[in-house]
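A.B. asks: So that we are looking at the same thing, I have put the structure below in structure tokens.
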Amino acid sequence: MERYIGHIIEVIYLDIDNKTKQRRIEVLTVENGVVKAFCHQRQALRVIRIENILAVKQVSVSSRVS
């Protein structure tokens with residue numbers, strides 16, 4: 001997942017309730033088995049365990065300025 005830092009990707013993952021979710025996120029950091037990202041749908045930060053990510057598709061390189 002480290003290769004996606006700074007990129008916008010679509011992920012399908014299992015949330016805390018074990019429900020499948022799909023989100024478009026900008027990956028901010030990857031450490032200790034956790035992805036910290038900005039969710040474009042919710043306009044909020046998200047933390048996703050790598051083990052819960054089922055699929056990844058790169059959308060683009062981020063154009064956001066931090």
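Order determines the names: the first chain of the structure tokens is A, the second B, and so forth; residues in each chain are numbered 1 upward, and ligands are numbered 1 upward as they are shown.
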Find the spatial neighbours of segment 53-60 of chain A, counting only C-alpha atoms, within a cut-off of 12 Å - ignore same-chain residues fewer than 2 positions away - and output them as JSON, numbers by chain.
C.D. replies: {"A": [1, 3, 4, 5, 6, 7, 8, 9, 10, 11, 12, 13, 14, 15, 16, 18, 19, 20, 21, 22, 23, 24, 25, 26, 27, 33, 34, 35, 47, 48, 49, 50, 51, 62, 63, 64]}
A.B. asks: Please, could you write that set of residues out with N, CA, C and O atoms as a compact mmCIF listing (two decimals), in the first residue's frame?
C.D. replies:
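Below is the file that was written, result-v4.txt:
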# COMPACT_ATOMS: atom_id res chain seq x y z
N MET A 1 0.81 -1.20 0.00
CA MET A 1 0.00 0.00 0.00
C MET A 1 0.85 1.27 0.00
O MET A 1 0.37 2.31 -0.37
N ARG A 3 3.02 2.25 -1.95
CA ARG A 3 3.17 2.85 -3.28
C ARG A 3 2.02 3.78 -3.63
O ARG A 3 2.11 4.56 -4.58
N TYR A 4 0.92 3.72 -2.88
CA TYR A 4 -0.23 4.58 -3.15
C TYR A 4 -0.23 5.88 -2.34
O TYR A 4 -1.14 6.69 -2.48
N ILE A 5 0.78 6.09 -1.50
CA ILE A 5 0.84 7.33 -0.71
C ILE A 5 0.88 8.52 -1.68
O ILE A 5 1.68 8.54 -2.62
N GLY A 6 -0.03 9.48 -1.46
CA GLY A 6 -0.13 10.63 -2.33
C GLY A 6 -1.01 10.43 -3.54
O GLY A 6 -1.19 11.34 -4.33
N HIS A 7 -1.58 9.23 -3.66
CA HIS A 7 -2.44 8.92 -4.79
C HIS A 7 -3.89 8.78 -4.33
O HIS A 7 -4.16 8.49 -3.17
N ILE A 8 -4.79 8.98 -5.28
CA ILE A 8 -6.21 8.73 -5.03
C ILE A 8 -6.53 7.34 -5.57
O ILE A 8 -6.21 7.01 -6.71
N ILE A 9 -7.13 6.54 -4.70
CA ILE A 9 -7.48 5.16 -5.07
C ILE A 9 -8.93 4.88 -4.68
O ILE A 9 -9.51 5.58 -3.85
N GLU A 10 -9.50 3.87 -5.29
CA GLU A 10 -10.79 3.34 -4.84
C GLU A 10 -10.50 2.04 -4.13
O GLU A 10 -9.72 1.23 -4.61
N VAL A 11 -11.10 1.88 -2.96
CA VAL A 11 -10.91 0.66 -2.20
C VAL A 11 -12.25 0.04 -1.86
O VAL A 11 -13.25 0.74 -1.69
N ILE A 12 -12.25 -1.26 -1.81
CA ILE A 12 -13.36 -2.01 -1.25
C ILE A 12 -12.79 -2.66 0.00
O ILE A 12 -11.73 -3.29 -0.05
N TYR A 13 -13.46 -2.47 1.13
CA TYR A 13 -12.93 -2.95 2.39
C TYR A 13 -14.06 -3.35 3.34
O TYR A 13 -15.22 -3.02 3.11
N LEU A 14 -13.68 -4.03 4.40
CA LEU A 14 -14.63 -4.39 5.45
C LEU A 14 -14.51 -3.35 6.56
O LEU A 14 -13.42 -3.08 7.05
N ASP A 15 -15.65 -2.78 6.95
CA ASP A 15 -15.62 -1.79 8.02
C ASP A 15 -15.63 -2.48 9.37
O ASP A 15 -15.59 -3.71 9.47
N ILE A 16 -15.72 -1.70 10.42
CA ILE A 16 -15.66 -2.24 11.79
C ILE A 16 -16.80 -3.21 12.09
O ILE A 16 -16.67 -4.10 12.92
N ASN A 18 -17.92 -5.28 9.88
CA ASN A 18 -17.73 -6.36 8.91
C ASN A 18 -18.64 -6.20 7.69
O ASN A 18 -18.98 -7.18 7.03
N LYS A 19 -19.03 -4.96 7.39
CA LYS A 19 -19.82 -4.66 6.20
C LYS A 19 -18.89 -4.18 5.10
O LYS A 19 -17.91 -3.49 5.35
N THR A 20 -19.21 -4.55 3.86
CA THR A 20 -18.40 -4.14 2.72
C THR A 20 -18.69 -2.69 2.37
O THR A 20 -19.85 -2.28 2.27
N LYS A 21 -17.62 -1.91 2.21
CA LYS A 21 -17.73 -0.49 1.85
C LYS A 21 -16.83 -0.23 0.65
O LYS A 21 -15.81 -0.89 0.46
N GLN A 22 -17.21 0.76 -0.15
CA GLN A 22 -16.37 1.21 -1.26
C GLN A 22 -16.18 2.71 -1.11
O GLN A 22 -17.15 3.45 -0.93
N ARG A 23 -14.94 3.15 -1.17
CA ARG A 23 -14.63 4.56 -0.99
C ARG A 23 -13.53 5.00 -1.95
O ARG A 23 -12.66 4.21 -2.32
N ARG A 24 -13.55 6.27 -2.30
CA ARG A 24 -12.45 6.90 -3.04
C ARG A 24 -11.67 7.68 -2.00
O ARG A 24 -12.20 8.57 -1.35
N ILE A 25 -10.41 7.30 -1.82
CA ILE A 25 -9.59 7.89 -0.76
C ILE A 25 -8.26 8.38 -1.32
O ILE A 25 -7.78 7.89 -2.34
N GLU A 26 -7.69 9.35 -0.62
CA GLU A 26 -6.32 9.78 -0.89
C GLU A 26 -5.46 9.24 0.24
O GLU A 26 -5.68 9.58 1.40
N VAL A 27 -4.51 8.39 -0.09
CA VAL A 27 -3.68 7.76 0.93
C VAL A 27 -2.68 8.77 1.47
O VAL A 27 -1.91 9.38 0.72
N GLY A 33 0.44 -1.59 9.57
CA GLY A 33 -0.72 -2.30 9.05
C GLY A 33 -1.97 -1.47 8.93
O GLY A 33 -3.07 -2.01 8.78
N VAL A 34 -1.81 -0.14 8.95
CA VAL A 34 -2.97 0.76 8.90
C VAL A 34 -2.76 1.81 7.82
O VAL A 34 -1.68 2.38 7.68
N VAL A 35 -3.83 2.08 7.06
CA VAL A 35 -3.82 3.15 6.06
C VAL A 35 -4.59 4.32 6.64
O VAL A 35 -5.74 4.17 7.06
N VAL A 47 -9.35 5.67 8.77
CA VAL A 47 -8.28 4.75 9.12
C VAL A 47 -8.78 3.35 8.77
O VAL A 47 -9.84 2.93 9.24
N ILE A 48 -8.04 2.67 7.91
CA ILE A 48 -8.45 1.35 7.42
C ILE A 48 -7.31 0.37 7.64
O ILE A 48 -6.17 0.62 7.23
N ARG A 49 -7.62 -0.76 8.26
CA ARG A 49 -6.62 -1.81 8.43
C ARG A 49 -6.34 -2.46 7.08
O ARG A 49 -7.28 -2.80 6.36
N ILE A 50 -5.08 -2.63 6.75
CA ILE A 50 -4.71 -3.23 5.46
C ILE A 50 -5.34 -4.60 5.31
O ILE A 50 -5.81 -4.96 4.22
N GLU A 51 -5.40 -5.35 6.39
CA GLU A 51 -5.97 -6.71 6.31
C GLU A 51 -7.45 -6.70 5.94
O GLU A 51 -7.99 -7.71 5.50
N SER A 62 -2.81 12.57 -6.68
CA SER A 62 -3.53 13.64 -5.97
C SER A 62 -3.12 15.01 -6.49
O SER A 62 -1.97 15.26 -6.80
N SER A 63 -4.11 15.89 -6.53
CA SER A 63 -3.82 17.28 -6.87
C SER A 63 -4.07 18.18 -5.67
O SER A 63 -3.96 19.38 -5.75
N ARG A 64 -4.42 17.57 -4.52
CA ARG A 64 -4.66 18.34 -3.29
C ARG A 64 -3.35 18.87 -2.75
O ARG A 64 -2.33 18.22 -2.86
A.B. asks: Once DSSP has gone over the backbone, tell me which residues of chain A are in strand (DSSP E), as a PyMOL selection string.
C.D. replies: chain A and resi 7-14+20-31+34-39+44-49+53-61
A.B. asks: Those same residues - N, CA and C atoms - I'd like them written as a compact mmCIF listing (two decimals), in the first residue's frame.
C.D. replies:
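And here is the file that came out, result.txt:
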# COMPACT_ATOMS: atom_id res chain seq x y z
N HIS A 7 -1.58 9.23 -3.66
CA HIS A 7 -2.44 8.92 -4.79
C HIS A 7 -3.89 8.78 -4.33
N ILE A 8 -4.79 8.98 -5.28
CA ILE A 8 -6.21 8.73 -5.03
C ILE A 8 -6.53 7.34 -5.57
N ILE A 9 -7.13 6.54 -4.70
CA ILE A 9 -7.48 5.16 -5.07
C ILE A 9 -8.93 4.88 -4.68
N GLU A 10 -9.50 3.87 -5.29
CA GLU A 10 -10.79 3.34 -4.84
C GLU A 10 -10.50 2.04 -4.13
N VAL A 11 -11.10 1.88 -2.96
CA VAL A 11 -10.91 0.66 -2.20
C VAL A 11 -12.25 0.04 -1.86
N ILE A 12 -12.25 -1.26 -1.81
CA ILE A 12 -13.36 -2.01 -1.25
C ILE A 12 -12.79 -2.66 0.00
N TYR A 13 -13.46 -2.47 1.13
CA TYR A 13 -12.93 -2.95 2.39
C TYR A 13 -14.06 -3.35 3.34
N LEU A 14 -13.68 -4.03 4.40
CA LEU A 14 -14.63 -4.39 5.45
C LEU A 14 -14.51 -3.35 6.56
N THR A 20 -19.21 -4.55 3.86
CA THR A 20 -18.40 -4.14 2.72
C THR A 20 -18.69 -2.69 2.37
N LYS A 21 -17.62 -1.91 2.21
CA LYS A 21 -17.73 -0.49 1.85
C LYS A 21 -16.83 -0.23 0.65
N GLN A 22 -17.21 0.76 -0.15
CA GLN A 22 -16.37 1.21 -1.26
C GLN A 22 -16.18 2.71 -1.11
N ARG A 23 -14.94 3.15 -1.17
CA ARG A 23 -14.63 4.56 -0.99
C ARG A 23 -13.53 5.00 -1.95
N ARG A 24 -13.55 6.27 -2.30
CA ARG A 24 -12.45 6.90 -3.04
C ARG A 24 -11.67 7.68 -2.00
N ILE A 25 -10.41 7.30 -1.82
CA ILE A 25 -9.59 7.89 -0.76
C ILE A 25 -8.26 8.38 -1.32
N GLU A 26 -7.69 9.35 -0.62
CA GLU A 26 -6.32 9.78 -0.89
C GLU A 26 -5.46 9.24 0.24
N VAL A 27 -4.51 8.39 -0.09
CA VAL A 27 -3.68 7.76 0.93
C VAL A 27 -2.68 8.77 1.47
N LEU A 28 -2.72 8.96 2.79
CA LEU A 28 -1.83 9.91 3.45
C LEU A 28 -0.62 9.22 4.04
N THR A 29 -0.84 8.15 4.81
CA THR A 29 0.26 7.38 5.39
C THR A 29 -0.12 5.91 5.45
N VAL A 30 0.92 5.09 5.52
CA VAL A 30 0.74 3.65 5.72
C VAL A 30 1.78 3.24 6.74
N GLU A 31 1.31 2.75 7.90
CA GLU A 31 2.25 2.31 8.92
C GLU A 31 1.56 1.35 9.88
N VAL A 34 -1.81 -0.14 8.95
CA VAL A 34 -2.97 0.76 8.90
C VAL A 34 -2.76 1.81 7.82
N VAL A 35 -3.83 2.08 7.06
CA VAL A 35 -3.82 3.15 6.06
C VAL A 35 -4.59 4.32 6.64
N LYS A 36 -3.94 5.48 6.66
CA LYS A 36 -4.64 6.71 7.04
C LYS A 36 -4.88 7.47 5.75
N ALA A 37 -6.14 7.89 5.54
CA ALA A 37 -6.50 8.47 4.26
C ALA A 37 -7.60 9.52 4.41
N PHE A 38 -7.71 10.36 3.37
CA PHE A 38 -8.79 11.33 3.29
C PHE A 38 -9.85 10.75 2.38
N CYS A 39 -11.08 10.60 2.90
CA CYS A 39 -12.20 10.06 2.13
C CYS A 39 -12.88 11.20 1.39
N ALA A 44 -13.68 13.46 5.07
CA ALA A 44 -13.19 13.20 6.43
C ALA A 44 -12.02 12.22 6.37
N LEU A 45 -11.26 12.21 7.46
CA LEU A 45 -10.16 11.25 7.57
C LEU A 45 -10.71 9.87 7.87
N ARG A 46 -10.05 8.86 7.34
CA ARG A 46 -10.42 7.47 7.57
C ARG A 46 -9.17 6.68 7.94
N VAL A 47 -9.35 5.67 8.77
CA VAL A 47 -8.28 4.75 9.12
C VAL A 47 -8.78 3.35 8.77
N ILE A 48 -8.04 2.67 7.91
CA ILE A 48 -8.45 1.35 7.42
C ILE A 48 -7.31 0.37 7.64
N ARG A 49 -7.62 -0.76 8.26
CA ARG A 49 -6.62 -1.81 8.43
C ARG A 49 -6.34 -2.46 7.08
N ILE A 53 -8.74 -4.58 3.61
CA ILE A 53 -8.88 -4.11 2.23
C ILE A 53 -8.98 -5.31 1.30
N LEU A 54 -10.08 -5.34 0.54
CA LEU A 54 -10.35 -6.47 -0.35
C LEU A 54 -9.91 -6.19 -1.78
N ALA A 55 -9.96 -4.93 -2.23
CA ALA A 55 -9.57 -4.58 -3.60
C ALA A 55 -9.13 -3.12 -3.64
N VAL A 56 -8.22 -2.84 -4.58
CA VAL A 56 -7.68 -1.49 -4.75
C VAL A 56 -7.60 -1.18 -6.25
N LYS A 57 -8.00 0.04 -6.61
CA LYS A 57 -7.85 0.51 -7.99
C LYS A 57 -7.35 1.95 -7.94
N GLN A 58 -6.21 2.20 -8.59
CA GLN A 58 -5.67 3.56 -8.59
C GLN A 58 -6.50 4.42 -9.53
N VAL A 59 -6.86 5.62 -9.06
CA VAL A 59 -7.66 6.55 -9.86
C VAL A 59 -6.75 7.61 -10.46
N SER A 60 -5.94 8.28 -9.63
CA SER A 60 -5.06 9.34 -10.13
C SER A 60 -4.06 9.73 -9.07
N VAL A 61 -3.14 10.58 -9.49
CA VAL A 61 -2.21 11.20 -8.55
C VAL A 61 -2.95 12.37 -7.94
